>>> print(open('target34.cif').read())   # mmCIF, N, CA and C atoms
data_coords
loop_
_atom_site.label_atom_id
_atom_site.label_comp_id
_atom_site.auth_asym_id
_atom_site.auth_seq_id
_atom_site.Cartn_x
_atom_site.Cartn_y
_atom_site.Cartn_z
N MET A 1 -4.90 4.04 -6.78
CA MET A 1 -5.80 2.94 -7.03
C MET A 1 -5.70 1.93 -5.91
N SER A 2 -6.75 1.17 -5.73
CA SER A 2 -6.74 0.14 -4.72
C SER A 2 -6.13 -1.15 -5.29
N ILE A 3 -5.97 -2.13 -4.41
CA ILE A 3 -5.39 -3.40 -4.85
C ILE A 3 -6.29 -4.06 -5.88
N GLY A 4 -7.60 -4.03 -5.66
CA GLY A 4 -8.53 -4.62 -6.60
C GLY A 4 -8.50 -3.94 -7.97
N ALA A 5 -8.38 -2.62 -7.98
CA ALA A 5 -8.31 -1.90 -9.24
C ALA A 5 -7.03 -2.24 -10.00
N ASN A 6 -5.92 -2.37 -9.26
CA ASN A 6 -4.66 -2.74 -9.91
C ASN A 6 -4.72 -4.14 -10.50
N ILE A 7 -5.33 -5.06 -9.79
CA ILE A 7 -5.47 -6.42 -10.32
C ILE A 7 -6.37 -6.41 -11.54
N SER A 8 -7.42 -5.59 -11.54
CA SER A 8 -8.29 -5.47 -12.71
C SER A 8 -7.54 -4.92 -13.92
N VAL A 9 -6.69 -3.93 -13.69
CA VAL A 9 -5.89 -3.36 -14.78
C VAL A 9 -4.93 -4.42 -15.34
N ILE A 10 -4.34 -5.22 -14.46
CA ILE A 10 -3.46 -6.29 -14.92
C ILE A 10 -4.25 -7.30 -15.74
N ALA A 11 -5.46 -7.65 -15.31
CA ALA A 11 -6.30 -8.61 -16.04
C ALA A 11 -6.70 -8.06 -17.41
N ILE A 12 -7.05 -6.79 -17.46
CA ILE A 12 -7.41 -6.18 -18.76
C ILE A 12 -6.21 -6.18 -19.69
N GLY A 13 -5.04 -5.87 -19.17
CA GLY A 13 -3.83 -5.92 -19.99
C GLY A 13 -3.53 -7.32 -20.49
N ALA A 14 -3.75 -8.33 -19.65
CA ALA A 14 -3.52 -9.72 -20.06
C ALA A 14 -4.51 -10.12 -21.15
N ILE A 15 -5.75 -9.69 -21.02
CA ILE A 15 -6.74 -9.99 -22.06
C ILE A 15 -6.34 -9.35 -23.37
N LEU A 16 -5.95 -8.07 -23.32
CA LEU A 16 -5.52 -7.39 -24.54
C LEU A 16 -4.28 -8.04 -25.14
N SER A 17 -3.38 -8.48 -24.29
CA SER A 17 -2.11 -9.01 -24.77
C SER A 17 -2.22 -10.43 -25.30
N PHE A 18 -2.96 -11.29 -24.60
CA PHE A 18 -2.95 -12.71 -24.92
C PHE A 18 -4.22 -13.23 -25.59
N ALA A 19 -5.36 -12.59 -25.37
CA ALA A 19 -6.62 -13.16 -25.84
C ALA A 19 -7.22 -12.47 -27.05
N THR A 20 -6.64 -11.39 -27.50
CA THR A 20 -7.18 -10.72 -28.68
C THR A 20 -6.26 -10.93 -29.87
N HIS A 21 -6.87 -11.07 -30.99
CA HIS A 21 -6.11 -11.26 -32.24
C HIS A 21 -6.56 -10.24 -33.27
N VAL A 22 -6.54 -8.99 -32.89
CA VAL A 22 -6.96 -7.90 -33.77
C VAL A 22 -5.75 -7.41 -34.53
N ARG A 23 -5.88 -7.28 -35.81
CA ARG A 23 -4.81 -6.77 -36.65
C ARG A 23 -5.20 -5.39 -37.18
N THR A 24 -4.53 -4.37 -36.72
CA THR A 24 -4.77 -3.02 -37.22
C THR A 24 -3.43 -2.41 -37.60
N PRO A 25 -3.38 -1.74 -38.72
CA PRO A 25 -2.12 -1.11 -39.11
C PRO A 25 -1.80 0.07 -38.20
N GLY A 26 -0.57 0.10 -37.71
CA GLY A 26 -0.12 1.20 -36.88
C GLY A 26 -0.48 1.07 -35.42
N LEU A 27 -1.16 -0.01 -35.02
CA LEU A 27 -1.58 -0.18 -33.63
C LEU A 27 -1.40 -1.64 -33.24
N ASP A 28 -0.55 -1.89 -32.29
CA ASP A 28 -0.30 -3.26 -31.83
C ASP A 28 -1.02 -3.46 -30.50
N VAL A 29 -2.12 -4.22 -30.54
CA VAL A 29 -2.95 -4.42 -29.36
C VAL A 29 -2.18 -5.22 -28.29
N ALA A 30 -1.36 -6.16 -28.71
CA ALA A 30 -0.58 -6.95 -27.76
C ALA A 30 0.41 -6.06 -26.99
N ALA A 31 1.02 -5.11 -27.67
CA ALA A 31 1.95 -4.20 -27.00
C ALA A 31 1.21 -3.28 -26.03
N ILE A 32 0.04 -2.82 -26.41
CA ILE A 32 -0.76 -1.99 -25.50
C ILE A 32 -1.15 -2.80 -24.27
N GLY A 33 -1.51 -4.07 -24.46
CA GLY A 33 -1.84 -4.94 -23.34
C GLY A 33 -0.66 -5.13 -22.40
N ALA A 34 0.52 -5.29 -22.96
CA ALA A 34 1.72 -5.45 -22.13
C ALA A 34 2.00 -4.18 -21.33
N ILE A 35 1.81 -3.03 -21.95
CA ILE A 35 2.02 -1.75 -21.25
C ILE A 35 1.01 -1.61 -20.12
N VAL A 36 -0.24 -1.96 -20.37
CA VAL A 36 -1.28 -1.86 -19.34
C VAL A 36 -0.96 -2.81 -18.18
N MET A 37 -0.47 -4.01 -18.48
CA MET A 37 -0.09 -4.94 -17.42
C MET A 37 1.05 -4.38 -16.56
N VAL A 38 2.04 -3.78 -17.20
CA VAL A 38 3.16 -3.21 -16.45
C VAL A 38 2.69 -2.06 -15.56
N VAL A 39 1.80 -1.23 -16.07
CA VAL A 39 1.26 -0.13 -15.27
C VAL A 39 0.48 -0.68 -14.06
N GLY A 40 -0.32 -1.70 -14.28
CA GLY A 40 -1.06 -2.32 -13.17
C GLY A 40 -0.14 -2.95 -12.15
N LEU A 41 0.92 -3.59 -12.61
CA LEU A 41 1.89 -4.21 -11.69
C LEU A 41 2.63 -3.14 -10.88
N ALA A 42 3.00 -2.05 -11.53
CA ALA A 42 3.69 -0.95 -10.82
C ALA A 42 2.75 -0.35 -9.76
N GLY A 43 1.50 -0.16 -10.11
CA GLY A 43 0.53 0.36 -9.14
C GLY A 43 0.32 -0.58 -7.98
N LEU A 44 0.30 -1.88 -8.25
CA LEU A 44 0.13 -2.87 -7.19
C LEU A 44 1.32 -2.86 -6.23
N VAL A 45 2.52 -2.77 -6.77
CA VAL A 45 3.73 -2.73 -5.93
C VAL A 45 3.72 -1.47 -5.07
N MET A 46 3.36 -0.33 -5.65
CA MET A 46 3.32 0.91 -4.87
C MET A 46 2.25 0.85 -3.79
N GLN A 47 1.10 0.25 -4.08
CA GLN A 47 0.04 0.13 -3.10
C GLN A 47 0.47 -0.76 -1.93
N LEU A 48 1.11 -1.89 -2.23
CA LEU A 48 1.57 -2.78 -1.17
C LEU A 48 2.67 -2.14 -0.33
N ALA A 49 3.55 -1.37 -0.97
CA ALA A 49 4.59 -0.66 -0.22
C ALA A 49 3.98 0.40 0.69
N SER A 50 2.95 1.07 0.22
CA SER A 50 2.27 2.07 1.03
C SER A 50 1.58 1.43 2.23
N LEU A 51 0.95 0.28 2.03
CA LEU A 51 0.30 -0.41 3.14
C LEU A 51 1.33 -0.90 4.16
N ALA A 52 2.48 -1.38 3.69
CA ALA A 52 3.52 -1.82 4.60
C ALA A 52 4.04 -0.66 5.43
N ARG A 53 4.21 0.49 4.84
CA ARG A 53 4.68 1.68 5.56
C ARG A 53 3.64 2.12 6.59
N GLN A 54 2.36 2.04 6.21
CA GLN A 54 1.30 2.43 7.13
C GLN A 54 1.26 1.49 8.33
N ARG A 55 1.43 0.20 8.11
CA ARG A 55 1.48 -0.75 9.22
C ARG A 55 2.66 -0.48 10.13
N GLU A 56 3.79 -0.11 9.53
CA GLU A 56 4.99 0.17 10.32
C GLU A 56 4.79 1.37 11.23
N LEU A 57 4.09 2.37 10.76
CA LEU A 57 3.89 3.59 11.55
C LEU A 57 2.93 3.39 12.71
N THR A 58 2.05 2.40 12.62
CA THR A 58 1.07 2.19 13.69
C THR A 58 1.29 0.85 14.38
N ALA A 59 2.54 0.45 14.52
CA ALA A 59 2.85 -0.87 15.05
C ALA A 59 2.89 -0.93 16.57
N VAL A 60 3.06 0.20 17.24
CA VAL A 60 3.24 0.19 18.69
C VAL A 60 1.86 0.14 19.36
N GLN A 61 1.64 -0.91 20.14
CA GLN A 61 0.39 -1.04 20.88
C GLN A 61 0.69 -1.31 22.34
N ALA A 62 -0.18 -0.84 23.19
CA ALA A 62 -0.05 -1.13 24.62
C ALA A 62 -1.44 -1.39 25.17
N THR A 63 -1.53 -2.30 26.08
CA THR A 63 -2.83 -2.60 26.67
C THR A 63 -2.84 -2.14 28.12
N GLN A 64 -3.91 -1.52 28.49
CA GLN A 64 -4.11 -1.10 29.87
C GLN A 64 -5.46 -1.66 30.30
N GLY A 65 -5.44 -2.64 31.17
CA GLY A 65 -6.69 -3.25 31.58
C GLY A 65 -7.33 -3.93 30.40
N ARG A 66 -8.54 -3.49 30.07
CA ARG A 66 -9.26 -4.07 28.94
C ARG A 66 -9.19 -3.19 27.70
N ALA A 67 -8.72 -1.96 27.85
CA ALA A 67 -8.65 -1.04 26.72
C ALA A 67 -7.33 -1.23 25.97
N VAL A 68 -7.38 -1.08 24.67
CA VAL A 68 -6.18 -1.15 23.85
C VAL A 68 -5.86 0.25 23.37
N VAL A 69 -4.65 0.70 23.65
CA VAL A 69 -4.21 2.03 23.25
C VAL A 69 -3.25 1.87 22.08
N VAL A 70 -3.51 2.52 20.98
CA VAL A 70 -2.65 2.45 19.82
C VAL A 70 -1.93 3.78 19.70
N ARG A 71 -0.60 3.71 19.67
CA ARG A 71 0.21 4.92 19.59
C ARG A 71 1.04 4.88 18.32
N PRO A 72 1.31 6.02 17.70
CA PRO A 72 2.18 6.02 16.52
C PRO A 72 3.60 5.61 16.89
N ASN A 73 4.29 5.06 15.94
CA ASN A 73 5.67 4.64 16.15
C ASN A 73 6.51 5.86 16.49
N SER A 74 7.19 5.83 17.63
CA SER A 74 7.93 7.01 18.09
C SER A 74 9.12 7.32 17.18
N ALA A 75 9.65 6.32 16.48
CA ALA A 75 10.79 6.56 15.59
C ALA A 75 10.40 7.48 14.43
N ALA A 76 9.13 7.45 14.05
CA ALA A 76 8.68 8.28 12.94
C ALA A 76 8.65 9.76 13.31
N TYR A 77 8.53 10.04 14.61
CA TYR A 77 8.42 11.43 15.04
C TYR A 77 9.67 11.94 15.72
N GLY A 78 10.68 11.10 15.90
CA GLY A 78 11.92 11.53 16.49
C GLY A 78 11.87 11.70 18.00
N THR A 79 10.85 11.18 18.64
CA THR A 79 10.75 11.24 20.09
C THR A 79 10.69 9.82 20.63
N SER A 80 10.97 9.68 21.88
CA SER A 80 10.86 8.35 22.48
C SER A 80 9.58 8.26 23.28
N VAL A 81 9.15 7.05 23.53
CA VAL A 81 7.94 6.84 24.32
C VAL A 81 8.16 7.33 25.74
N LEU A 82 9.37 7.19 26.26
CA LEU A 82 9.65 7.64 27.62
C LEU A 82 9.49 9.15 27.75
N ASP A 83 9.91 9.90 26.73
CA ASP A 83 9.75 11.36 26.77
C ASP A 83 8.28 11.73 26.88
N ASP A 84 7.43 11.04 26.10
CA ASP A 84 6.00 11.34 26.13
C ASP A 84 5.41 10.99 27.49
N ASP A 85 5.80 9.83 28.06
CA ASP A 85 5.26 9.41 29.34
C ASP A 85 5.71 10.33 30.47
N GLU A 86 6.97 10.75 30.45
CA GLU A 86 7.48 11.62 31.49
C GLU A 86 6.80 12.99 31.44
N ALA A 87 6.44 13.45 30.25
CA ALA A 87 5.77 14.75 30.12
C ALA A 87 4.38 14.70 30.72
N ASN A 88 3.74 13.52 30.73
CA ASN A 88 2.39 13.38 31.27
C ASN A 88 2.38 12.80 32.68
N GLY A 89 3.52 12.79 33.33
CA GLY A 89 3.59 12.25 34.67
C GLY A 89 3.50 10.74 34.71
N GLY A 90 3.88 10.08 33.62
CA GLY A 90 3.84 8.63 33.57
C GLY A 90 2.48 8.07 33.20
N ILE A 91 1.50 8.94 32.95
CA ILE A 91 0.15 8.49 32.59
C ILE A 91 -0.06 8.75 31.11
N TRP A 92 -0.53 7.74 30.44
CA TRP A 92 -0.81 7.90 28.99
C TRP A 92 -2.06 8.71 28.81
N PRO A 93 -2.08 9.55 27.78
CA PRO A 93 -3.28 10.36 27.54
C PRO A 93 -4.43 9.50 27.07
#
>>> encode(input="target34.cif", output="structure tokens")
Amino acid sequence: MSIGANISVIAIGAILSFATHVRTPGLDVAAIGAIVMVVGLAGLVMQLASLARQRELTAVQATQGRAVVVRPNSAAYGTSVLDDDEANGGIWP
């Protein structure tokens, strides 16, 4: 789910938990709302962690003249930037 969808799930859970006063035997709407809020919060945390990891992997940038070259983080692949440059004769692909 996206960040917006997770926030919507949290809002729906809050509405069920705090704004409804439905009494049904065998079904607690407030408890269902709390469960939905926890699920939305867990999804939001996982989404933000995923975005942070994605930013970390694409953090290395280099500029050549006016062009911007974006390279993957070399630590993620177990190679160094120098190894890649030396293989290409010092010229970036």
>>> resolve_selection(input="target34.cif", expression="the PyMOL selection byres (((chain A and resi 41 and name CA) around 12) and name CA)", output="list in words")
Met1, Ser2, Ile3, Gly4, Ala5, Asn6, Ile7, Ser8, Val9, Ile10, Ala11, Ile12, Gly13, Ala14, Ala34, Ile35, Val36, Met37, Val38, Val39, Gly40, Ala42, Gly43, Leu44, Val45, Met46, Gln47 and Leu48 of chain A
>>> write_last_selection(input="target34.cif", atoms="N, CA and C atoms", output="compact mmCIF listing (two decimals), keeping the file's coordinate frame")
# COMPACT_ATOMS: atom_id res chain seq x y z
N MET A 1 -4.90 4.04 -6.78
CA MET A 1 -5.80 2.94 -7.03
C MET A 1 -5.70 1.93 -5.91
N SER A 2 -6.75 1.17 -5.73
CA SER A 2 -6.74 0.14 -4.72
C SER A 2 -6.13 -1.15 -5.29
N ILE A 3 -5.97 -2.13 -4.41
CA ILE A 3 -5.39 -3.40 -4.85
C ILE A 3 -6.29 -4.06 -5.88
N GLY A 4 -7.60 -4.03 -5.66
CA GLY A 4 -8.53 -4.62 -6.60
C GLY A 4 -8.50 -3.94 -7.97
N ALA A 5 -8.38 -2.62 -7.98
CA ALA A 5 -8.31 -1.90 -9.24
C ALA A 5 -7.03 -2.24 -10.00
N ASN A 6 -5.92 -2.37 -9.26
CA ASN A 6 -4.66 -2.74 -9.91
C ASN A 6 -4.72 -4.14 -10.50
N ILE A 7 -5.33 -5.06 -9.79
CA ILE A 7 -5.47 -6.42 -10.32
C ILE A 7 -6.37 -6.41 -11.54
N SER A 8 -7.42 -5.59 -11.54
CA SER A 8 -8.29 -5.47 -12.71
C SER A 8 -7.54 -4.92 -13.92
N VAL A 9 -6.69 -3.93 -13.69
CA VAL A 9 -5.89 -3.36 -14.78
C VAL A 9 -4.93 -4.42 -15.34
N ILE A 10 -4.34 -5.22 -14.46
CA ILE A 10 -3.46 -6.29 -14.92
C ILE A 10 -4.25 -7.30 -15.74
N ALA A 11 -5.46 -7.65 -15.31
CA ALA A 11 -6.30 -8.61 -16.04
C ALA A 11 -6.70 -8.06 -17.41
N ILE A 12 -7.05 -6.79 -17.46
CA ILE A 12 -7.41 -6.18 -18.76
C ILE A 12 -6.21 -6.18 -19.69
N GLY A 13 -5.04 -5.87 -19.17
CA GLY A 13 -3.83 -5.92 -19.99
C GLY A 13 -3.53 -7.32 -20.49
N ALA A 14 -3.75 -8.33 -19.65
CA ALA A 14 -3.52 -9.72 -20.06
C ALA A 14 -4.51 -10.12 -21.15
N ALA A 34 0.52 -5.29 -22.96
CA ALA A 34 1.72 -5.45 -22.13
C ALA A 34 2.00 -4.18 -21.33
N ILE A 35 1.81 -3.03 -21.95
CA ILE A 35 2.02 -1.75 -21.25
C ILE A 35 1.01 -1.61 -20.12
N VAL A 36 -0.24 -1.96 -20.37
CA VAL A 36 -1.28 -1.86 -19.34
C VAL A 36 -0.96 -2.81 -18.18
N MET A 37 -0.47 -4.01 -18.48
CA MET A 37 -0.09 -4.94 -17.42
C MET A 37 1.05 -4.38 -16.56
N VAL A 38 2.04 -3.78 -17.20
CA VAL A 38 3.16 -3.21 -16.45
C VAL A 38 2.69 -2.06 -15.56
N VAL A 39 1.80 -1.23 -16.07
CA VAL A 39 1.26 -0.13 -15.27
C VAL A 39 0.48 -0.68 -14.06
N GLY A 40 -0.32 -1.70 -14.28
CA GLY A 40 -1.06 -2.32 -13.17
C GLY A 40 -0.14 -2.95 -12.15
N ALA A 42 3.00 -2.05 -11.53
CA ALA A 42 3.69 -0.95 -10.82
C ALA A 42 2.75 -0.35 -9.76
N GLY A 43 1.50 -0.16 -10.11
CA GLY A 43 0.53 0.36 -9.14
C GLY A 43 0.32 -0.58 -7.98
N LEU A 44 0.30 -1.88 -8.25
CA LEU A 44 0.13 -2.87 -7.19
C LEU A 44 1.32 -2.86 -6.23
N VAL A 45 2.52 -2.77 -6.77
CA VAL A 45 3.73 -2.73 -5.93
C VAL A 45 3.72 -1.47 -5.07
N MET A 46 3.36 -0.33 -5.65
CA MET A 46 3.32 0.91 -4.87
C MET A 46 2.25 0.85 -3.79
N GLN A 47 1.10 0.25 -4.08
CA GLN A 47 0.04 0.13 -3.10
C GLN A 47 0.47 -0.76 -1.93
N LEU A 48 1.11 -1.89 -2.23
CA LEU A 48 1.57 -2.78 -1.17
C LEU A 48 2.67 -2.14 -0.33
>>> atom_distance(input="target34.cif", atom1="atom CA of Leu51 of chain A", atom2="atom CA of Ser17 of chain A")
29.3 Å
>>> atom_distance(input="target34.cif", atom1="atom N of Leu16 of chain A", atom2="atom CA of Gly33 of chain A")
5.2 Å
>>> atom_distance(input="target34.cif", atom1="atom N of Leu27 of chain A", atom2="atom C of Ile15 of chain A")
15.8 Å
>>> axis_aligned_box(input="target34.cif", around="segment 36-50 of chain A", padding_each_side="8 Å", output="AutoDock Vina command-line options")
--center_x 1.7 --center_y -1.4 --center_z -9.1 --size_x 21.9 --size_y 23.0 --size_z 38.6
